[in-house]
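Participant: model.csv (CSV, C-alpha atoms and all ligand atoms) pasted underneath:
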chain,number,residue,atom,x,y,z
O,282,PRO,CA,-5.5,93.7,50.9
O,283,ASP,CA,-4.7,97.1,49.5
O,284,GLY,CA,-3.7,97.9,45.9
O,285,LEU,CA,-4.6,94.4,44.6
O,286,ARG,CA,-5.3,94.5,40.9
O,287,VAL,CA,-8.0,92.2,39.7
O,288,LEU,CA,-8.7,91.5,36.0
O,289,GLY,CA,-12.3,90.4,35.3
O,290,ILE,CA,-13.5,88.5,32.2
O,291,GLU,CA,-17.2,88.1,31.4
O,292,SER,CA,-18.4,85.9,28.6
O,293,SER,CA,-21.6,84.2,29.8
O,294,CYS,CA,-23.8,85.2,26.9
O,295,ASP,CA,-23.6,87.8,24.1
O,296,GLU,CA,-21.2,90.4,25.5
O,297,THR,CA,-17.5,90.0,25.9
O,298,GLY,CA,-16.4,92.2,28.8
O,299,VAL,CA,-13.0,92.8,30.4
O,300,ALA,CA,-12.1,95.1,33.2
O,301,LEU,CA,-9.4,95.9,35.7
O,302,VAL,CA,-10.2,97.1,39.3
O,303,GLU,CA,-7.9,97.9,42.2
O,304,THR,CA,-8.7,97.3,45.9
O,305,ARG,CA,-8.4,100.3,48.3
O,306,GLY,CA,-8.5,99.1,51.9
O,307,GLU,CA,-12.1,99.0,53.1
O,308,GLN,CA,-13.4,101.2,50.3
O,309,VAL,CA,-15.2,100.1,47.2
O,310,PRO,CA,-12.6,98.9,44.7
O,311,LYS,CA,-11.7,101.4,42.0
O,312,LEU,CA,-12.5,100.7,38.3
O,313,LEU,CA,-9.3,101.4,36.4
O,314,ALA,CA,-10.4,100.5,32.9
O,315,GLN,CA,-13.0,98.4,31.1
O,316,ALA,CA,-13.8,97.3,27.6
O,317,LEU,CA,-16.9,95.6,26.1
O,318,HIS,CA,-17.9,94.1,22.8
O,319,SER,CA,-21.6,93.4,22.2
O,320,GLN,CA,-22.6,90.7,19.8
O,321,ILE,CA,-26.1,92.0,19.3
O,322,ALA,CA,-25.6,93.0,15.7
O,323,MET,CA,-24.3,89.5,14.9
O,324,HIS,CA,-27.2,87.6,16.5
O,325,ARG,CA,-29.9,90.0,15.2
O,326,ASN,CA,-30.3,88.2,11.9
O,327,TYR,CA,-31.2,85.0,13.8
O,328,GLY,CA,-33.7,86.6,16.2
O,329,GLY,CA,-31.8,85.5,19.2
O,330,VAL,CA,-28.4,84.4,20.6
O,331,VAL,CA,-26.8,81.5,18.6
O,332,PRO,CA,-24.6,79.8,21.2
O,333,GLU,CA,-22.0,78.5,18.8
O,334,LEU,CA,-21.5,81.9,17.2
O,335,ALA,CA,-21.4,83.5,20.6
O,336,SER,CA,-18.5,81.2,21.7
O,337,ARG,CA,-16.5,81.8,18.5
O,338,ASP,CA,-16.9,85.6,18.8
O,339,HIS,CA,-15.8,85.6,22.5
O,340,ILE,CA,-12.6,83.8,21.3
O,341,ARG,CA,-12.0,86.5,18.7
O,342,ARG,CA,-12.6,89.4,21.1
O,343,VAL,CA,-11.3,88.5,24.6
O,344,LEU,CA,-7.6,89.0,24.1
O,345,PRO,CA,-7.8,92.2,22.1
O,346,LEU,CA,-10.2,93.6,24.8
O,347,THR,CA,-7.8,92.5,27.5
O,348,GLU,CA,-4.9,94.3,25.8
O,349,GLN,CA,-7.1,97.4,25.4
O,350,VAL,CA,-8.0,97.4,29.1
O,351,LEU,CA,-4.4,97.0,30.3
O,352,GLN,CA,-3.2,99.7,27.9
O,353,GLN,CA,-5.9,102.1,29.1
O,354,ALA,CA,-5.0,101.4,32.7
O,355,GLY,CA,-1.3,101.7,32.0
O,356,CYS,CA,-0.8,98.3,33.6
O,357,ARG,CA,1.4,95.4,32.4
O,358,LEU,CA,-0.2,92.0,32.4
O,359,ALA,CA,2.5,90.8,34.8
O,360,ALA,CA,1.3,93.5,37.3
O,361,VAL,CA,-2.2,91.9,37.5
O,362,ASP,CA,-2.6,90.1,40.9
O,363,VAL,CA,-5.7,88.0,40.4
O,364,ILE,CA,-7.6,86.9,37.3
O,365,ALA,CA,-11.4,86.5,37.7
O,366,TYR,CA,-13.9,85.1,35.3
O,367,THR,CA,-17.6,84.4,35.2
O,368,LYS,CA,-18.1,80.8,36.2
O,369,GLY,CA,-21.9,80.7,35.5
O,370,PRO,CA,-24.7,80.7,35.0
O,371,GLY,CA,-24.7,81.2,31.2
O,372,LEU,CA,-24.1,79.4,27.9
O,373,ALA,CA,-21.7,76.6,28.5
O,374,GLY,CA,-19.5,77.2,25.4
O,375,ALA,CA,-19.4,80.9,26.0
O,376,LEU,CA,-18.5,80.5,29.7
O,377,LEU,CA,-15.7,78.1,28.7
O,378,VAL,CA,-14.0,80.8,26.6
O,379,GLY,CA,-13.7,83.2,29.5
O,380,ALA,CA,-12.8,80.5,32.0
O,381,GLY,CA,-10.2,79.0,29.6
O,382,VAL,CA,-8.5,82.3,28.8
O,383,ALA,CA,-8.5,83.4,32.4
O,384,CYS,CA,-7.0,80.2,33.7
O,385,ALA,CA,-4.5,80.0,30.8
O,386,LEU,CA,-3.3,83.6,31.5
O,387,ALA,CA,-3.1,82.9,35.2
O,388,ALA,CA,-1.1,79.7,34.7
O,389,ALA,CA,1.3,81.4,32.3
O,390,LEU,CA,1.8,84.3,34.8
O,391,ASP,CA,1.7,82.0,37.9
O,392,LYS,CA,-1.2,84.1,39.3
O,393,PRO,CA,-4.3,82.9,41.2
O,394,VAL,CA,-7.7,82.7,39.6
O,395,LEU,CA,-11.2,83.2,41.0
O,396,GLY,CA,-14.5,82.1,39.4
O,397,VAL,CA,-17.4,84.5,40.0
O,398,HIS,CA,-21.2,84.0,40.0
O,399,HIS,CA,-22.6,86.1,37.2
O,400,LEU,CA,-25.6,87.2,39.4
O,401,GLU,CA,-23.3,88.3,42.2
O,402,GLY,CA,-21.6,90.6,39.6
O,403,HIS,CA,-25.0,92.1,38.7
O,404,LEU,CA,-25.9,92.4,42.4
O,405,LEU,CA,-22.8,94.3,43.3
O,406,SER,CA,-22.6,96.5,40.2
O,407,PRO,CA,-24.4,99.5,41.8
O,408,PHE,CA,-21.3,99.8,44.1
O,409,LEU,CA,-19.5,101.3,41.0
O,410,SER,CA,-22.1,104.1,40.7
O,411,ALA,CA,-21.5,107.6,42.0
O,412,ASP,CA,-24.0,106.9,44.8
O,413,PRO,CA,-23.1,103.4,46.1
O,414,PRO,CA,-25.5,101.7,48.5
O,415,GLN,CA,-24.8,100.6,52.0
O,416,PHE,CA,-25.7,97.2,53.5
O,417,PRO,CA,-28.2,95.9,54.3
O,418,PHE,CA,-30.6,96.3,51.4
O,419,VAL,CA,-33.2,94.5,49.4
O,420,ALA,CA,-32.0,93.6,45.9
O,421,LEU,CA,-34.3,93.3,42.9
O,422,LEU,CA,-32.3,91.3,40.3
O,423,VAL,CA,-33.9,91.4,36.9
O,424,SER,CA,-32.0,90.0,34.0
O,425,GLY,CA,-32.7,88.0,30.9
O,426,GLY,CA,-32.3,84.7,32.8
O,427,HIS,CA,-33.3,85.6,36.4
O,428,THR,CA,-35.8,87.5,38.5
O,429,GLN,CA,-35.1,87.4,42.2
O,430,LEU,CA,-35.7,89.5,45.3
O,431,MET,CA,-33.0,89.1,47.9
O,432,ARG,CA,-32.1,90.3,51.3
O,433,VAL,CA,-28.4,91.4,51.2
O,434,ASP,CA,-26.6,91.9,54.5
O,435,GLY,CA,-23.1,92.0,53.1
O,436,VAL,CA,-20.8,90.6,50.4
O,437,GLY,CA,-21.7,86.9,50.2
O,438,ARG,CA,-24.5,87.3,52.7
O,439,TYR,CA,-27.6,86.8,50.5
O,440,ALA,CA,-31.0,85.4,51.4
O,441,LEU,CA,-33.4,84.6,48.6
O,442,LEU,CA,-36.9,86.2,49.3
O,443,GLY,CA,-38.6,85.3,46.1
O,444,GLU,CA,-38.0,84.4,42.5
O,445,THR,CA,-39.7,83.6,39.2
O,446,ILE,CA,-41.4,80.3,39.0
O,447,ASP,CA,-41.2,80.3,35.2
O,448,ASP,CA,-39.9,83.1,32.8
O,449,ALA,CA,-37.6,85.9,33.9
O,450,ALA,CA,-38.7,89.5,33.6
O,451,GLY,CA,-36.2,90.1,30.8
O,452,GLU,CA,-37.5,87.0,29.1
O,453,ALA,CA,-41.0,88.3,29.3
O,454,PHE,CA,-39.9,91.5,27.6
O,455,ASP,CA,-38.0,89.6,24.9
O,456,LYS,CA,-40.7,87.0,24.2
O,457,SER,CA,-43.4,89.6,24.1
O,458,ALA,CA,-41.3,91.7,21.8
O,459,LYS,CA,-40.9,88.7,19.5
O,460,LEU,CA,-44.7,88.2,19.4
O,461,LEU,CA,-45.0,91.8,18.4
O,462,GLY,CA,-42.5,91.2,15.5
O,463,LEU,CA,-39.8,93.4,17.1
O,464,PRO,CA,-36.1,92.7,16.5
O,465,TYR,CA,-33.7,91.1,19.0
O,466,PRO,CA,-33.0,92.1,21.7
O,467,GLY,CA,-36.6,92.7,22.3
O,468,GLY,CA,-36.5,94.3,25.8
O,469,PRO,CA,-35.1,97.7,24.9
O,470,VAL,CA,-36.9,97.9,21.6
O,471,LEU,CA,-40.3,97.1,23.2
O,472,ALA,CA,-39.5,99.7,25.9
O,473,GLN,CA,-38.8,102.3,23.3
O,474,LEU,CA,-42.0,101.5,21.4
O,475,ALA,CA,-44.0,101.6,24.6
O,476,GLU,CA,-43.0,105.2,25.3
O,477,GLY,CA,-45.5,106.2,22.6
O,478,GLY,CA,-48.3,103.9,23.7
O,479,ASP,CA,-51.1,103.8,26.2
O,480,PRO,CA,-50.2,101.5,29.1
O,481,GLN,CA,-53.9,101.0,29.9
O,482,ALA,CA,-55.1,100.1,26.4
O,483,PHE,CA,-55.0,96.3,27.1
O,484,ALA,CA,-55.7,94.5,30.4
O,485,LEU,CA,-52.9,92.0,31.0
O,486,PRO,CA,-52.4,89.6,33.9
O,487,ARG,CA,-50.4,90.5,37.0
O,488,PRO,CA,-50.2,87.1,38.7
O,489,LEU,CA,-49.2,86.1,42.3
O,490,LEU,CA,-50.0,89.5,43.8
O,491,ARG,CA,-52.0,88.1,46.7
O,492,GLY,CA,-51.0,86.8,50.1
O,493,GLY,CA,-47.6,88.5,50.6
O,494,ASN,CA,-46.1,86.1,48.0
O,495,LEU,CA,-42.7,87.3,46.7
O,496,ASP,CA,-42.4,84.9,43.8
O,497,PHE,CA,-43.0,86.0,40.2
O,498,SER,CA,-44.7,84.4,37.2
O,499,PHE,CA,-44.4,85.8,33.7
O,500,ALA,CA,-45.3,82.9,31.5
O,501,GLY,CA,-49.0,83.8,31.5
O,502,LEU,CA,-48.2,87.3,30.3
O,503,LYS,CA,-46.6,85.9,27.1
O,504,THR,CA,-49.8,83.9,26.4
O,505,ALA,CA,-52.0,86.9,27.0
O,506,VAL,CA,-49.9,89.1,24.7
O,507,TRP,CA,-50.1,86.3,22.0
O,508,THR,CA,-53.9,86.2,22.5
O,509,GLN,CA,-54.3,89.9,22.1
O,510,ALA,CA,-52.1,89.9,19.0
O,511,GLN,CA,-54.2,87.2,17.4
O,512,ARG,CA,-57.4,89.0,18.2
O,513,LEU,CA,-56.1,92.2,16.7
O,514,GLY,CA,-54.9,90.4,13.5
O,515,PRO,CA,-54.3,92.9,10.8
O,516,GLN,CA,-55.1,95.7,13.3
O,517,LEU,CA,-52.0,94.8,15.3
O,518,GLU,CA,-49.7,97.2,13.5
O,519,ARG,CA,-52.0,100.1,14.5
O,520,HIS,CA,-52.1,99.1,18.2
O,521,LYS,CA,-48.6,97.9,18.5
O,522,ALA,CA,-47.3,100.8,20.7
O,523,ASP,CA,-50.4,100.4,23.0
O,524,LEU,CA,-49.8,96.6,23.3
O,525,ALA,CA,-46.1,97.2,24.0
O,526,ALA,CA,-47.0,99.9,26.6
O,527,SER,CA,-49.5,97.6,28.3
O,528,THR,CA,-47.0,94.7,28.4
O,529,GLN,CA,-44.3,96.9,29.9
O,530,ALA,CA,-46.8,98.2,32.4
O,531,ALA,CA,-47.8,94.7,33.5
O,532,ILE,CA,-44.1,93.7,34.0
O,533,VAL,CA,-43.1,96.9,35.8
O,534,ASP,CA,-46.2,96.9,38.0
O,535,VAL,CA,-45.5,93.5,39.4
O,536,LEU,CA,-41.8,94.3,39.9
O,537,VAL,CA,-42.6,97.5,41.7
O,538,ARG,CA,-45.3,96.0,43.9
O,539,LYS,CA,-43.2,92.9,44.9
O,540,SER,CA,-40.2,95.1,45.6
O,541,LEU,CA,-42.2,97.3,48.0
O,542,LEU,CA,-43.6,94.2,49.6
O,543,ALA,CA,-40.1,92.8,50.2
O,544,LEU,CA,-39.1,96.1,51.8
O,545,GLN,CA,-42.1,96.0,54.0
O,546,GLN,CA,-41.6,92.4,55.0
O,547,THR,CA,-37.9,92.9,55.8
O,548,GLY,CA,-38.3,96.4,57.3
O,549,LEU,CA,-35.3,97.6,55.3
O,550,GLN,CA,-35.2,101.1,53.9
O,551,ARG,CA,-32.9,100.6,50.9
O,552,LEU,CA,-33.5,99.0,47.5
O,553,VAL,CA,-30.9,98.1,44.9
O,554,VAL,CA,-31.9,97.3,41.4
O,555,ALA,CA,-29.6,95.3,39.1
O,556,GLY,CA,-29.6,93.4,35.8
O,557,GLY,CA,-30.5,94.3,32.3
O,558,VAL,CA,-34.1,95.2,33.0
O,559,GLY,CA,-32.8,97.7,35.5
O,560,ALA,CA,-32.1,99.9,32.5
O,561,ASN,CA,-35.8,100.2,31.9
O,562,GLN,CA,-36.9,103.8,32.3
O,563,MET,CA,-40.5,103.1,33.3
O,564,LEU,CA,-39.3,100.7,36.0
O,565,ARG,CA,-37.0,103.4,37.3
O,566,ARG,CA,-39.7,106.1,37.2
O,567,GLN,CA,-42.2,104.0,39.0
O,568,LEU,CA,-39.8,102.6,41.6
O,569,ASN,CA,-38.5,106.1,42.3
O,570,ALA,CA,-42.1,107.4,42.8
O,571,ALA,CA,-43.2,104.5,44.9
O,572,CYS,CA,-40.1,104.4,47.1
O,573,GLY,CA,-39.9,108.2,47.4
O,574,ASP,CA,-43.4,108.2,48.9
O,575,ALA,CA,-42.3,105.5,51.4
O,576,GLY,CA,-39.0,107.2,52.3
O,577,ILE,CA,-36.9,104.4,50.7
O,578,ARG,CA,-33.6,105.0,48.9
O,579,VAL,CA,-33.2,103.3,45.5
O,580,HIS,CA,-29.8,102.6,44.0
O,581,TYR,CA,-29.1,101.6,40.4
O,582,PRO,CA,-26.0,100.7,38.5
O,583,GLU,CA,-24.8,103.2,35.9
O,584,LEU,CA,-26.9,102.6,32.8
O,585,ALA,CA,-23.9,101.1,30.9
O,586,LEU,CA,-23.4,98.6,33.8
O,587,CYS,CA,-27.0,97.3,33.9
O,588,THR,CA,-26.4,94.8,31.1
O,589,ASP,CA,-23.5,92.3,31.1
O,590,ASN,CA,-20.0,93.7,31.5
O,591,GLY,CA,-16.5,92.9,32.8
O,592,ALA,CA,-16.5,95.6,35.4
O,593,MET,CA,-19.1,93.8,37.6
O,594,ILE,CA,-17.1,90.6,37.5
O,595,ALA,CA,-13.8,92.2,38.4
O,596,LEU,CA,-15.6,94.2,41.1
O,597,ALA,CA,-17.4,91.1,42.6
O,598,ALA,CA,-14.1,89.2,42.7
O,599,ALA,CA,-12.3,92.1,44.4
O,600,MET,CA,-15.1,92.6,46.9
O,601,ARG,CA,-15.1,88.9,47.8
O,602,LEU,CA,-11.3,89.0,48.2
O,603,GLN,CA,-11.7,92.1,50.5
O,604,ALA,CA,-14.3,90.3,52.5
O,605,GLY,CA,-11.9,87.3,52.9
O,606,LEU,CA,-14.6,85.1,51.4
O,607,GLN,CA,-12.9,83.2,48.7
O,608,PRO,CA,-9.2,82.7,48.6
O,609,PRO,CA,-8.1,82.7,44.9
O,610,THR,CA,-6.4,79.5,44.0
O,611,LYS,CA,-3.6,78.5,41.7
O,612,ASP,CA,-5.6,75.5,40.7
O,613,TRP,CA,-6.0,76.4,37.0
O,614,SER,CA,-8.1,73.4,36.1
O,615,PHE,CA,-11.2,75.5,35.5
O,616,ASP,CA,-14.8,74.4,35.3
O,617,VAL,CA,-18.0,76.3,34.5
O,618,LYS,CA,-21.5,76.0,35.9
O,619,PRO,CA,-24.0,76.8,33.1
O,620,ARG,CA,-27.0,76.4,35.5
F,701,LIG,O1,-28.4,91.3,32.6
F,701,LIG,P1,-28.5,91.1,31.2
F,701,LIG,O2,-27.6,91.9,30.2
F,701,LIG,O3,-28.2,89.6,30.8
F,701,LIG,C1,-28.5,88.5,31.5
F,701,LIG,O4,-27.7,88.2,32.5
F,701,LIG,O5,-29.6,87.9,31.2
F,701,LIG,O6,-30.0,91.3,30.8
F,701,LIG,C2,-30.5,91.2,29.5
F,701,LIG,C3,-32.0,91.4,29.5
F,701,LIG,C4,-32.6,91.1,28.2
F,701,LIG,O7,-33.8,90.3,28.4
F,701,LIG,C5,-33.0,92.5,27.7
F,701,LIG,O8,-34.1,92.5,26.9
F,701,LIG,C6,-33.3,93.2,29.0
F,701,LIG,O9,-32.3,92.8,29.9
F,701,LIG,N1,-33.3,94.7,28.9
F,701,LIG,C7,-34.3,95.5,29.0
F,701,LIG,C8,-33.9,96.8,28.8
F,701,LIG,N2,-32.5,96.7,28.5
F,701,LIG,C9,-32.2,95.4,28.6
F,701,LIG,N3,-35.6,95.2,29.3
F,701,LIG,C10,-36.4,96.3,29.3
F,701,LIG,N4,-36.1,97.5,29.1
F,701,LIG,C11,-34.8,97.9,28.8
F,701,LIG,N5,-34.5,99.1,28.6
F,702,ZN,ZN,-26.4,89.2,33.0
Represent the structure contained in this file as structure tokens.
Ligand code: KG4
Ligand code: ZN
Facilitator:
Amino acid sequence: PDGLRVLGIESSCDETGVALVETRGEQVPKLLAQALHSQIAMHRNYGGVVPELASRDHIRRVLPLTEQVLQQAGCRLAAVDVIAYTKGPGLAGALLVGAGVACALAAALDKPVLGVHHLEGHLLSPFLSADPPQFPFVALLVSGGHTQLMRVDGVGRYALLGETIDDAAGEAFDKSAKLLGLPYPGGPVLAQLAEGGDPQAFALPRPLLRGGNLDFSFAGLKTAVWTQAQRLGPQLERHKADLAASTQAAIVDVLVRKSLLALQQTGLQRLVVAGGVGANQMLRRQLNAACGDAGIRVHYPELALCTDNGAMIALAAAMRLQAGLQPPTKDWSFDVKPR
């Protein structure tokens, strides 16, 4: 379908995102407008996301953001063809806000709705970059809740190659940051501190690297960081940047080595990185270096589209429609899948 306008609503965690895309035949759908509100400042005082506060804030933000997007795109609400929302995974209450608003709007306008898997949004987000990938590719999906390697042969054609058996990569960043006394959200703060530290100052574990295994495990890293912090005691402050740098190096090292292994095992020549940790500059530098040597192209989403946003949800919905995978329905009795 050409010229189909898809409104996407993301509300799975601590960002309210809304965006409008338009399909263009076989080409990647065009992003017409997007708006985002981050709740980071609100949750910072609590050291993490407070689910109830997240839900309430999504309620406050979602309609104003929708109006903003439509205005920016010069599009009337009635001219939207399909309304998409994040169906999961995420916080149940937060997901219900996006799903409820999407289905209520759709019912009022007599338009179809489409629930999107949050990770598929992340996975397809690099298609909105200036240098979009081509299928097939290996995807490294690294967010706050998930760490997966996938073989991707097309929209909806995903084969899991490996995933974390405990903590996600983003979780490893966030939990280590907390142990270092850094404010929420830990990942980017730890990464920034790490830029001024020595990544080899502390030896930290890099588990599951043997035997061609493509699974990940980051729970032991957290324990090792805790042990180092305890050992340092009052000296921690002086060695904080070094410990941050060593932690980041351990996470990045494993992600890079497993990605290369997945490329080797599949024989594919293209890597796509997506999810919040994909914003990490050390990860990008090391992947670019390692893949450059091996003649492999690496694709990333625009920096602003690495973390949660509405554009990736609208895009994933539009690409699924283009691929004829998921007919949108006028069944507005929504449900969400937190897990
Ligand atoms: O994809 P995302 O926005 O939300 C989930 O779906 O989980 O990812 C958020 C995660 C958090 O763990 C955050 O700390 C991490 O991505 N993150 C980073 C960076 N920016 C965000 N981790 C390391 N370095 C960064 N620059
Ligand atoms: Zn996400």
Participant: Collect all residues with atoms no farther than 6 Å from ligand LIG 701 (chain F), counting all atoms listed in the file, and output them as a list in words.
Facilitator: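 I would give the residues around ligand LIG 701 (chain F) as Ser424, Gly425, Gly426, Gly451, Glu452, Phe454, Asp455, Pro466, Gly467, Gly468, Pro469, Ala472, Gly556, Gly557, Val558, Ala560, Asn561, Thr588 and Asp589 of chain O.
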Participant: Find the residue from O:Val378, O:Ala411, O:Ile446, O:Leu517 that sits nearest to Leu461 of chain O; use all atoms listed in the file when measuring.
Facilitator: O:Leu517
Participant: Report, in Å with one decimal, the straight-line distance from atom CA of Phe483 of chain O to atom CA of Phe499 of chain O.
Facilitator: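 These atoms are spaced 16.3 Å apart.
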Participant: Please return as an MDAnalysis selection string the residues found within 12 Å of ligand ZN 702 (chain F), counting only C-alpha atoms and all ligand atoms.
Facilitator: chainID O and resid 291:298 367 369:372 398:404 406 422:428 449 451:452 555:559 586:591 593:594
Participant: Please check which residues have atoms at most 12 Å from (-13.1, 88.0, 30.2) in the file's coordinates, counting all atoms listed in the file, and write them as a VMD selection string.
Facilitator: chain O and resid 287 to 294 296 to 301 315 to 318 339 to 348 350 364 to 368 375 to 386 395 to 397 399 589 to 595
